[in-house]
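Novice: final-v2.txt is reproduced below (compact mmCIF, C-alpha atoms).
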# COMPACT_ATOMS: atom_id res chain seq x y z
CA MET A 1 152.82 90.22 66.64
CA PHE A 2 149.77 89.11 64.66
CA LYS A 3 149.20 85.39 64.22
CA ILE A 4 148.33 84.21 60.71
CA LEU A 5 147.24 80.70 59.74
CA VAL A 6 147.72 79.48 56.14
CA ILE A 7 145.61 76.48 55.06
CA ASP A 8 146.51 75.02 51.66
CA ASP A 9 147.03 71.50 50.32
CA ASP A 10 149.72 72.68 47.87
CA PRO A 11 153.05 72.25 49.75
CA ILE A 12 154.98 74.63 47.46
CA LEU A 13 152.43 77.43 47.76
CA ARG A 14 152.13 76.74 51.49
CA LEU A 15 155.90 77.14 51.99
CA ALA A 16 156.07 80.23 49.80
CA LEU A 17 153.28 81.92 51.72
CA LYS A 18 154.82 81.04 55.07
CA LYS A 19 158.24 82.49 54.21
CA SER A 20 156.79 85.60 52.63
CA LEU A 21 154.53 86.37 55.60
CA GLN A 22 157.26 85.59 58.13
CA ASN A 23 159.49 88.06 56.33
CA GLN A 24 156.74 90.64 56.88
CA GLY A 25 157.01 90.03 60.63
CA TYR A 26 153.90 87.88 61.07
CA ASP A 27 153.77 84.81 63.32
CA THR A 28 152.80 82.37 60.59
CA THR A 29 151.61 78.76 60.95
CA VAL A 30 150.59 76.45 58.11
CA ALA A 31 148.14 73.55 57.76
CA SER A 32 147.95 71.07 54.89
CA ASN A 33 144.19 70.50 54.94
CA GLY A 34 140.94 71.84 56.31
CA LYS A 35 140.63 69.59 59.35
CA GLU A 36 144.19 70.32 60.45
CA GLY A 37 143.54 74.00 59.87
CA ILE A 38 140.47 74.00 62.13
CA THR A 39 142.40 72.20 64.87
CA LEU A 40 145.24 74.75 64.69
CA ALA A 41 142.78 77.63 64.55
CA LYS A 42 141.24 76.50 67.83
CA GLN A 43 144.67 76.25 69.42
CA LEU A 44 146.21 79.45 68.06
CA ARG A 45 143.19 81.74 67.63
CA PRO A 46 144.86 83.61 64.77
CA ALA A 47 143.97 87.14 63.79
CA LEU A 48 143.74 86.15 60.11
CA ILE A 49 143.39 82.96 58.07
CA VAL A 50 144.45 82.54 54.44
CA CYS A 51 142.70 79.46 53.11
CA ASP A 52 142.57 77.80 49.70
CA TRP A 53 139.04 77.29 48.39
CA VAL A 54 139.58 74.02 46.49
CA MET A 55 140.95 71.30 48.78
CA SER A 56 140.19 67.58 49.15
CA GLU A 57 138.04 66.22 52.01
CA MET A 58 137.10 69.66 53.37
CA ASP A 59 137.14 72.66 51.07
CA GLY A 60 137.67 76.30 52.01
CA LEU A 61 133.95 77.09 52.22
CA GLU A 62 133.43 74.39 54.86
CA VAL A 63 136.41 75.64 56.82
CA CYS A 64 135.14 79.20 56.59
CA ARG A 65 131.66 78.26 57.80
CA TYR A 66 133.10 76.34 60.75
CA ILE A 67 135.39 79.22 61.73
CA LYS A 68 132.65 81.83 61.52
CA GLU A 69 130.20 79.71 63.52
CA ASP A 70 132.64 79.31 66.39
CA PRO A 71 132.07 82.23 68.82
CA GLU A 72 135.74 82.26 69.80
CA LEU A 73 136.91 82.44 66.17
CA ALA A 74 134.09 84.40 64.52
CA THR A 75 136.05 87.67 64.41
CA THR A 76 139.02 86.08 62.65
CA PHE A 77 139.53 87.75 59.27
CA PHE A 78 139.15 85.08 56.57
CA ILE A 79 140.72 85.32 53.08
CA LEU A 80 139.82 82.74 50.45
CA LEU A 81 142.37 81.91 47.78
CA THR A 82 140.53 80.92 44.63
CA ALA A 83 140.47 80.85 40.91
CA LYS A 84 136.67 80.83 41.09
CA GLY A 85 134.59 83.92 40.55
CA ALA A 86 137.26 85.90 38.78
CA ALA A 87 135.96 85.38 35.27
CA PRO A 88 132.77 87.03 33.96
CA GLY A 89 129.72 84.91 34.71
CA GLU A 90 131.28 83.34 37.83
CA GLU A 91 129.88 85.92 40.25
CA GLU A 92 127.73 83.25 41.93
CA GLU A 93 130.89 81.58 43.19
CA ARG A 94 131.87 84.77 45.00
CA VAL A 95 128.37 84.98 46.45
CA LYS A 96 128.80 81.48 47.88
CA GLY A 97 132.03 82.56 49.49
CA LEU A 98 130.47 85.64 51.00
CA ASP A 99 127.53 83.63 52.29
CA ALA A 100 129.97 81.25 53.97
CA GLY A 101 131.46 84.21 55.83
CA ALA A 102 134.57 85.02 53.82
CA ASP A 103 135.81 88.55 54.36
CA GLU A 104 138.05 88.83 51.30
CA PHE A 105 139.11 86.99 48.13
CA VAL A 106 142.48 86.75 46.42
CA SER A 107 142.53 85.24 42.96
CA LYS A 108 144.95 82.63 41.80
CA PRO A 109 147.58 82.83 40.52
CA ILE A 110 148.44 84.93 43.55
CA GLU A 111 149.96 88.36 43.11
CA MET A 112 151.96 88.54 46.36
CA ASN A 113 151.87 92.32 46.77
CA GLU A 114 148.09 92.25 46.44
CA LEU A 115 147.84 89.49 49.04
CA LYS A 116 150.07 91.38 51.45
CA ALA A 117 147.97 94.52 51.01
CA ARG A 118 144.74 92.62 51.65
CA ILE A 119 146.31 90.98 54.71
CA ARG A 120 147.32 94.40 56.08
CA ALA A 121 143.78 95.70 55.51
CA GLY A 122 142.29 92.59 57.10
CA LEU A 123 144.53 92.89 60.15
CA ARG A 124 143.53 96.53 60.58
CA LEU A 125 139.87 95.52 60.54
CA HIS A 126 140.59 92.66 62.94
CA GLN A 127 142.37 95.03 65.32
CA LEU A 128 139.47 97.49 65.17
CA ASN A 129 137.10 94.65 65.93
CA GLN A 130 139.24 93.52 68.85
CA ASP A 131 139.34 97.07 70.19
CA LEU A 132 135.56 97.32 69.91
CA GLN A 133 135.14 93.99 71.68
CA ALA A 134 137.47 95.13 74.46
CA LYS A 135 135.53 98.37 74.84
CA LYS A 136 132.26 96.45 74.79
CA GLN A 137 133.52 94.16 77.52
CA ALA A 138 134.76 97.12 79.54
CA LEU A 139 131.35 98.79 79.17
CA GLU A 140 129.58 95.60 80.22
CA GLU A 141 131.81 95.32 83.28
CA LEU A 142 131.21 98.99 84.05
CA ASN A 143 127.48 98.49 83.65
CA GLN A 144 127.58 95.51 86.00
CA THR A 145 129.51 97.60 88.52
CA LEU A 146 127.00 100.44 88.19
CA GLN A 147 124.13 97.99 88.63
CA ARG A 148 125.72 96.62 91.80
CA GLN A 149 126.30 100.14 93.10
CA LYS A 150 122.72 101.05 92.20
CA GLN A 151 121.43 98.05 94.14
CA ILE A 152 123.62 98.96 97.10
CA LEU A 153 122.40 102.57 96.97
CA GLU A 154 118.76 101.51 96.71
CA THR A 155 119.25 99.21 99.69
CA GLU A 156 120.88 102.01 101.68
CA LEU A 157 118.09 104.43 100.76
CA ALA A 158 115.48 101.87 101.77
CA GLU A 159 117.28 101.35 105.08
CA ALA A 160 117.47 105.11 105.58
CA ALA A 161 113.75 105.43 104.87
CA ASP A 162 113.04 102.66 107.36
CA TYR A 163 115.19 104.46 109.92
CA VAL A 164 113.34 107.73 109.41
CA ARG A 165 110.03 105.88 109.63
CA SER A 166 111.12 104.24 112.91
CA LEU A 167 111.65 107.69 114.45
CA LEU A 168 108.20 108.95 113.56
CA PRO A 169 105.54 108.95 116.28
CA SER A 170 102.75 106.42 116.66
CA PRO A 171 99.14 107.56 116.15
CA LEU A 172 97.81 109.71 118.97
CA VAL A 173 94.45 108.92 120.58
CA GLY A 174 92.37 110.82 123.09
CA THR A 175 90.85 114.29 123.08
CA VAL A 176 93.10 114.98 120.12
CA THR A 177 93.47 112.19 117.60
CA ILE A 178 96.36 112.26 115.14
CA GLU A 179 97.01 109.89 112.26
CA ALA A 180 99.92 110.21 109.86
CA LEU A 181 100.79 109.19 106.33
CA PHE A 182 104.45 108.96 105.30
CA VAL A 183 105.55 107.65 101.89
CA PRO A 184 109.23 108.27 101.11
CA SER A 185 110.19 108.88 97.49
CA ALA A 186 112.42 106.51 95.54
CA GLN A 187 115.35 108.88 96.17
CA LEU A 188 114.50 109.53 99.85
CA GLY A 189 113.66 113.11 100.69
CA GLY A 190 113.81 115.19 103.82
CA ASP A 191 110.32 115.00 105.31
CA CYS A 192 109.93 114.52 109.04
CA PHE A 193 107.22 115.23 111.62
CA ASP A 194 106.36 114.78 115.25
CA TYR A 195 103.66 115.49 117.83
CA TYR A 196 103.89 115.20 121.60
CA TRP A 197 102.48 116.74 124.76
CA ILE A 198 104.84 119.40 126.11
CA ASP A 199 102.80 119.21 129.31
CA ASP A 200 99.27 118.15 130.26
CA GLU A 201 97.71 121.13 128.48
CA ASN A 202 99.89 121.83 125.43
CA LEU A 203 100.38 119.64 122.40
CA ALA A 204 103.23 120.42 119.97
CA ILE A 205 102.70 119.48 116.31
CA TYR A 206 105.11 120.09 113.45
CA LEU A 207 106.10 118.90 110.00
CA LEU A 208 109.31 119.86 108.18
CA ASP A 209 110.69 119.31 104.68
CA VAL A 210 114.41 119.60 103.92
CA SER A 211 115.43 120.73 100.42
CA GLY A 212 116.84 118.17 98.01
CA HIS A 213 116.84 114.38 98.15
CA GLY A 214 119.05 111.62 99.43
CA VAL A 215 120.71 110.66 102.67
CA GLY A 216 122.00 114.21 103.31
CA SER A 217 118.49 115.65 103.38
CA ALA A 218 117.23 112.79 105.55
CA LEU A 219 120.08 113.25 108.04
CA LEU A 220 119.33 116.95 108.41
CA SER A 221 115.64 116.29 108.99
CA VAL A 222 116.49 113.68 111.63
CA SER A 223 118.86 116.15 113.31
CA VAL A 224 116.09 118.74 113.52
CA LEU A 225 113.68 116.09 114.81
CA ASN A 226 116.08 115.13 117.59
CA VAL A 227 116.70 118.75 118.56
CA LEU A 228 112.98 119.50 118.81
CA ARG A 229 112.09 116.23 120.49
CA SER A 230 114.76 116.72 123.14
CA GLN A 231 113.94 120.45 123.41
CA SER A 232 117.66 121.14 123.33
CA LEU A 233 117.52 124.55 121.62
CA PRO A 234 118.98 126.97 124.16
CA ASN A 235 116.92 129.88 125.51
CA THR A 236 113.83 128.77 123.60
CA ASN A 237 110.23 128.79 124.77
CA PHE A 238 108.76 125.72 123.08
CA TYR A 239 105.25 127.01 123.77
CA ARG A 240 105.97 129.89 121.37
CA PRO A 241 106.27 128.62 117.77
CA ASN A 242 107.91 131.83 116.51
CA GLU A 243 110.70 131.45 119.07
CA VAL A 244 111.20 127.82 118.05
CA LEU A 245 111.56 128.81 114.37
CA LYS A 246 113.96 131.62 115.22
CA ALA A 247 116.14 129.26 117.27
CA LEU A 248 116.11 126.71 114.43
CA ASN A 249 117.10 129.41 111.97
CA ASP A 250 119.98 130.50 114.21
CA ASN A 251 121.29 126.94 114.52
CA PHE A 252 120.67 125.53 111.02
CA GLN A 253 121.97 128.06 108.53
CA MET A 254 122.53 126.77 104.97
CA SER A 255 126.21 127.67 105.06
CA SER A 256 126.73 125.11 107.84
CA ASN A 257 124.50 122.38 106.41
CA GLY A 258 125.66 121.71 102.88
CA GLU A 259 123.57 124.58 101.45
CA LYS A 260 120.40 122.79 102.53
CA TYR A 261 117.43 124.61 104.01
CA PHE A 262 114.07 123.41 105.23
CA THR A 263 110.50 124.54 105.57
CA ILE A 264 108.49 123.86 108.71
CA TRP A 265 104.99 124.35 110.07
CA TYR A 266 105.01 124.34 113.90
CA GLY A 267 101.98 124.66 116.15
CA VAL A 268 101.03 124.30 119.82
CA TYR A 269 97.44 123.39 120.71
CA ASN A 270 95.83 124.07 124.11
CA PRO A 271 92.62 122.01 124.46
CA VAL A 272 91.47 123.98 127.52
CA LYS A 273 91.58 127.32 125.69
CA ARG A 274 90.76 125.59 122.39
CA GLN A 275 93.47 127.66 120.79
CA LEU A 276 96.11 126.73 118.25
CA VAL A 277 99.22 128.93 118.19
CA TYR A 278 101.38 128.43 115.11
CA ALA A 279 104.19 129.75 112.91
CA ASN A 280 105.18 128.84 109.39
CA ALA A 281 108.63 129.08 107.77
CA GLY A 282 108.04 128.77 104.02
CA HIS A 283 105.96 125.61 104.40
CA PRO A 284 102.68 124.84 102.63
CA PRO A 285 99.74 126.10 104.68
CA ALA A 286 98.08 123.82 107.18
CA VAL A 287 94.36 123.49 106.47
CA LEU A 288 91.65 123.64 109.12
CA LEU A 289 88.25 122.15 108.27
CA TYR A 290 85.43 123.13 110.64
CA GLY A 291 81.68 123.61 110.81
CA ASN A 292 78.79 121.71 112.41
CA ASN A 293 77.00 121.20 109.12
CA THR A 294 79.07 118.89 106.93
CA SER A 295 77.30 120.19 103.84
CA SER A 296 78.76 123.66 104.48
CA MET A 297 82.27 122.73 105.60
CA ASN A 298 84.52 125.76 106.17
CA ILE A 299 88.15 125.76 105.11
CA LYS A 300 90.82 127.97 106.66
CA GLN A 301 94.44 128.00 105.51
CA LEU A 302 97.00 128.57 108.29
CA THR A 303 99.98 130.09 106.53
CA SER A 304 102.47 132.98 106.56
CA LEU A 305 104.97 134.66 104.23
CA ASP A 306 108.07 133.91 106.33
CA LEU A 307 111.24 132.51 104.73
CA PRO A 308 112.39 128.88 105.11
CA ILE A 309 114.84 127.99 107.85
CA GLY A 310 118.47 128.66 106.94
CA PHE A 311 118.05 131.30 104.23
CA VAL A 312 118.89 134.44 106.16
CA PRO A 313 120.35 134.74 109.69
CA ASP A 314 118.95 136.89 112.51
CA ILE A 315 115.33 137.13 111.40
CA ASN A 316 112.10 136.98 113.37
CA PHE A 317 109.05 134.91 112.53
CA ASP A 318 105.39 135.78 112.79
CA ILE A 319 103.09 134.01 115.21
CA ALA A 320 99.36 133.50 114.75
CA VAL A 321 96.49 132.22 116.88
CA THR A 322 93.29 130.54 115.72
CA GLU A 323 90.30 129.28 117.66
CA ILE A 324 89.49 125.60 117.28
CA GLU A 325 85.87 124.53 117.20
CA GLU A 326 84.81 121.12 118.42
CA ASN A 327 85.12 118.31 115.91
CA SER A 328 87.41 120.35 113.66
CA THR A 329 90.10 118.65 111.60
CA LEU A 330 93.55 120.02 110.82
CA TYR A 331 95.70 118.78 107.94
CA ILE A 332 99.44 119.44 107.81
CA PHE A 333 101.38 118.19 104.79
CA SER A 334 104.50 118.53 102.67
CA ASP A 335 104.45 119.78 99.08
CA GLY A 336 105.06 116.21 97.86
CA THR A 337 101.42 115.52 98.78
CA TYR A 338 100.06 117.74 96.01
CA GLU A 339 102.91 118.41 93.56
CA ILE A 340 101.97 115.26 91.65
CA GLN A 341 102.68 115.12 87.93
CA GLN A 342 99.67 113.77 86.08
CA PRO A 343 99.80 111.75 82.84
CA ASP A 344 99.07 114.89 80.79
CA GLY A 345 102.14 116.59 82.28
CA THR A 346 100.23 119.02 84.51
CA ILE A 347 100.71 119.29 88.27
CA TRP A 348 97.76 118.27 90.42
CA GLY A 349 98.22 121.20 92.84
CA LEU A 350 97.28 122.46 96.29
CA ASN A 351 93.70 123.45 95.44
CA SER A 352 93.00 119.96 94.14
CA LEU A 353 94.26 118.45 97.40
CA LEU A 354 92.06 120.82 99.42
CA ASN A 355 89.06 119.85 97.30
CA LEU A 356 89.78 116.17 97.90
CA LEU A 357 90.08 116.61 101.68
CA SER A 358 87.01 118.83 101.86
CA LYS A 359 84.87 116.49 99.76
CA SER A 360 85.94 113.48 101.82
CA SER A 361 85.27 115.30 105.13
CA LYS A 362 81.71 116.19 104.12
CA THR A 363 80.70 112.55 104.19
CA ASN A 364 83.06 111.14 106.77
CA LEU A 365 86.56 111.65 108.16
CA PRO A 366 88.68 110.40 105.24
CA ASP A 367 90.83 107.32 105.62
CA LEU A 368 94.39 108.39 104.86
CA ASN A 369 95.11 105.22 102.91
CA GLU A 370 92.14 106.01 100.67
CA VAL A 371 93.50 109.54 100.21
CA LEU A 372 96.87 108.06 99.25
CA ALA A 373 95.25 105.65 96.80
CA GLN A 374 93.44 108.53 95.07
CA ILE A 375 96.67 110.55 94.87
CA MET A 376 98.61 107.62 93.39
CA GLU A 377 95.90 107.09 90.78
CA LEU A 378 96.57 110.63 89.58
CA SER A 379 100.32 110.15 89.27
CA SER A 380 102.03 109.38 85.96
CA ASN A 381 104.83 107.68 87.90
CA PRO A 382 104.41 104.63 90.16
CA HIS A 383 107.18 106.05 92.36
CA LEU A 384 106.81 109.47 93.94
CA ASP A 385 109.32 112.18 93.00
CA ASP A 386 109.24 113.59 96.53
CA ASP A 387 108.38 112.44 100.04
CA LEU A 388 104.68 112.50 100.84
CA SER A 389 103.76 113.38 104.42
CA LEU A 390 100.27 114.11 105.70
CA LEU A 391 99.04 114.62 109.28
CA GLN A 392 95.34 114.43 110.13
CA VAL A 393 94.60 116.07 113.48
CA LYS A 394 91.08 115.58 114.83
CA PHE A 395 90.05 117.95 117.65
CA GLY A 396 87.28 116.41 119.75
CA THR A 397 85.40 117.72 122.78
CA HIS A 398 87.60 118.60 125.75
CA GLN A 399 86.74 116.79 128.97
CA ILE A 400 87.34 119.00 132.08
Take the structure from the file and write it as structure tokens.

Specialist:
Amino acid sequence: MFKILVIDDDPILRLALKKSLQNQGYDTTVASNGKEGITLAKQLRPALIVCDWVMSEMDGLEVCRYIKEDPELATTFFILLTAKGAAPGEEEERVKGLDAGADEFVSKPIEMNELKARIRAGLRLHQLNQDLQAKKQALEELNQTLQRQKQILETELAEAADYVRSLLPSPLVGTVTIEALFVPSAQLGGDCFDYYWIDDENLAIYLLDVSGHGVGSALLSVSVLNVLRSQSLPNTNFYRPNEVLKALNDNFQMSSNGEKYFTIWYGVYNPVKRQLVYANAGHPPAVLLYGNNTSSMNIKQLTSLDLPIGFVPDINFDIAVTEIEENSTLYIFSDGTYEIQQPDGTIWGLNSLLNLLSKSSKTNLPDLNEVLAQIMELSSNPHLDDDLSLLQVKFGTHQI
């Protein structure tokens, strides 16, 4: 039941309005002056107020201004009863009423059917306003909930990124020197890498990239990391990269891993033979920089046309061998290292990355943080869209 407050200093009109509105089913309260009306309005918070314009002490305009300035009463529909503004030339009086915040006018003497109709219209508008306010509040609460969930998700993703980072190897020093760069995206991707000596004469190096983003991709990459690190793939010769990729493909099909697949570059380096044996399952090519004269640096891409892991079961992978000259440098990276959107909307690209690495190597072995800084300068987004992983493998002179 709608609450209506009638404010009028005429006791007869006040009583007539109260009975008439009560007969219409409205919860009607009356006040004999403006101050009493404001006090009751604060207590009752009516949906609609019918107020006489001309009253002693506090007139209807003052009451209207007070009501409309109160945040808790501002949506109350306000009808002024007045004999002002009805006659030609009195339009300014109506303007004053509107400026005070009045929503409607009813001229005196009151035609009761007109007043009832204007009250019904005012209550409809009030109800619409209340519904909008309720929806606004619900949306604000939903937005707050979404913001809290977003903060929780961002915290969880940051923790997941820290966990992945904690599993990655420390820099390697010695005859072979390896430094790594890992920058997870805002959404957390599926990059992972490792390098370790299988025995005294064979060094395994690999980098993988799981499709998609989020915790699911990160979990799959960590699972693969653990399997390779523990060498727990059955009947697999970990000195033979093609056998490793085949075993991974047999054990990590998309149908069993949430339709996720991954690319991987896997190599085994023997410093005695100065040979690198490698296989590539849909991953960007590793890049070998070599040559005694830095002004004529040679670039060799170590790639293949094999499918990513998980696409098709029961397939074999190619294996390749390359000779490693002294003081050569190998770069292994994920596609997030070069698929950088520039401010003009174009993608930076693989060739641009190769040019950067080659140019830096001609003067000195590039610092990976400087490489990262140059890449981030190119980006149109302060946060990467994909994980960025880059391995720098420096092959020195083997000591027998």

Novice: Neighbours of Phe395 (chain A) within 10 Å (only C-alpha atoms; same-chain residues fewer than 4 positions away dropped), as a PyMOL selection string?

Specialist: chain A and resi 174-178+269+271+274+290+324-330

Novice: How many Å separate CA of Val277 (chain A) from CA of Tyr206 (chain A)?

Specialist: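 Here the two named atoms are 11.6 Å from each other.
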
Novice: With a distance cut-off of 9 Å and only C-alpha atoms, select the neighbouring residues of Gly336 (chain A), excluding the residue or stretch itself and same-chain residues fewer than 4 positions from it, and output the selection as a PyMOL selection string.

Specialist: chain A and resi 185+340+384-389

Novice: Using the selection just defined, write its residues with C-alpha atoms as a PDB file, in the coordinates of the input.

Specialist:
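Result went into selection_15.pdb, see below:
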ATOM      1  CA  SER A 185     110.190 108.880  97.490  1.00  0.00           C
ATOM      2  CA  ILE A 340     101.970 115.260  91.650  1.00  0.00           C
ATOM      3  CA  LEU A 384     106.810 109.470  93.940  1.00  0.00           C
ATOM      4  CA  ASP A 385     109.320 112.180  93.000  1.00  0.00           C
ATOM      5  CA  ASP A 386     109.240 113.590  96.530  1.00  0.00           C
ATOM      6  CA  ASP A 387     108.380 112.440 100.040  1.00  0.00           C
ATOM      7  CA  LEU A 388     104.680 112.500 100.840  1.00  0.00           C
ATOM      8  CA  SER A 389     103.760 113.380 104.420  1.00  0.00           C
TER       9      SER A 389
END

Novice: May I have the protein, DNA and RNA residues with any atom at most 10 Å from the point (121.6, 135.8, 106.7), counting all atoms listed in the file, written as a list in words?

Specialist: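 Those residues lying close to the given coordinates are Asn249, Asp250, Gln253, Met254, Ser255, Gly310, Phe311, Val312, Pro313, Asp314 and Ile315 of chain A.
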
Novice: So, with only C-alpha atoms as the atoms that count, which of A:Glu72, A:Glu93, A:Glu259, A:Glu201 lies closest to Gln130 (chain A)?

Specialist: A:Glu72

Novice: Any idea what the distance is between CA of Leu368 (chain A) and CA of Pro382 (chain A)?

Specialist: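 These two atoms are separated by 18.2 Å.
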
Novice: Neighbours of Val287 (chain A) within 12 Å (only C-alpha atoms; same-chain residues fewer than 4 positions away dropped), as a PyMOL selection string?

Specialist: chain A and resi 265+283+298-303+322+328-334+350-351+353-355+357-358+390-394

Novice: Suppose we keep C-alpha atoms; can you now write the selection as a compact mmCIF listing (two decimals), in the coordinates of the input?

Specialist:
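Result file out_6.txt:
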# COMPACT_ATOMS: atom_id res chain seq x y z
CA TRP A 265 104.99 124.35 110.07
CA HIS A 283 105.96 125.61 104.40
CA ASN A 298 84.52 125.76 106.17
CA ILE A 299 88.15 125.76 105.11
CA LYS A 300 90.82 127.97 106.66
CA GLN A 301 94.44 128.00 105.51
CA LEU A 302 97.00 128.57 108.29
CA THR A 303 99.98 130.09 106.53
CA THR A 322 93.29 130.54 115.72
CA SER A 328 87.41 120.35 113.66
CA THR A 329 90.10 118.65 111.60
CA LEU A 330 93.55 120.02 110.82
CA TYR A 331 95.70 118.78 107.94
CA ILE A 332 99.44 119.44 107.81
CA PHE A 333 101.38 118.19 104.79
CA SER A 334 104.50 118.53 102.67
CA LEU A 350 97.28 122.46 96.29
CA ASN A 351 93.70 123.45 95.44
CA LEU A 353 94.26 118.45 97.40
CA LEU A 354 92.06 120.82 99.42
CA ASN A 355 89.06 119.85 97.30
CA LEU A 357 90.08 116.61 101.68
CA SER A 358 87.01 118.83 101.86
CA LEU A 390 100.27 114.11 105.70
CA LEU A 391 99.04 114.62 109.28
CA GLN A 392 95.34 114.43 110.13
CA VAL A 393 94.60 116.07 113.48
CA LYS A 394 91.08 115.58 114.83

Novice: One number please: CA of Arg148 (chain A) to CA of Lys260 (chain A), in Å, one decimal.

Specialist: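 Here the two named atoms are 28.8 Å from each other.
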
Novice: Excluding Ala117 (chain A) and residues on its chain fewer than 2 positions from it, collect all residues at most 12 Å away from it, counting all atoms listed in the file, and give them as a ChimeraX atom specification.

Specialist: /A:21,24,79,104-106,111-115,119-124

Novice: Would you list the residues near (99.5, 134.7, 121.7) (no more than 10 Å away, in the coordinates of the file, using all atoms listed in the file) as a ChimeraX atom specification?

Specialist: /A:239-241,275-278,319-322

Novice: Name all residues at most 10 Å from Thr28 (chain A) (count all atoms listed in the file; drop same-chain ones fewer than 6 positions away) and give them as a PyMOL selection string.

Specialist: chain A and resi 1-6+17-22+46+48-49

Novice: Of the candidates A:Ser352, A:Gln231, A:Gln147, A:Thr39, which one gets nearest to Ile67 (chain A) if we count only C-alpha atoms?

Specialist: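 Nearest to Ile67 (chain A): A:Thr39.
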
Novice: A:Leu81, A:Leu40, A:Val224, A:Leu207: which is nearest Phe182 (chain A), counting all atoms listed in the file?

Specialist: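 Once distances to Phe182 (chain A) are computed over all atoms listed in the file, the minimum belongs to A:Leu207.
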
Novice: Determine the nearest neighbour of Leu307 (chain A) from the options A:Asn280, A:Asn226, A:Thr236, A:Gln133, counting all atoms listed in the file.

Specialist: A:Asn280
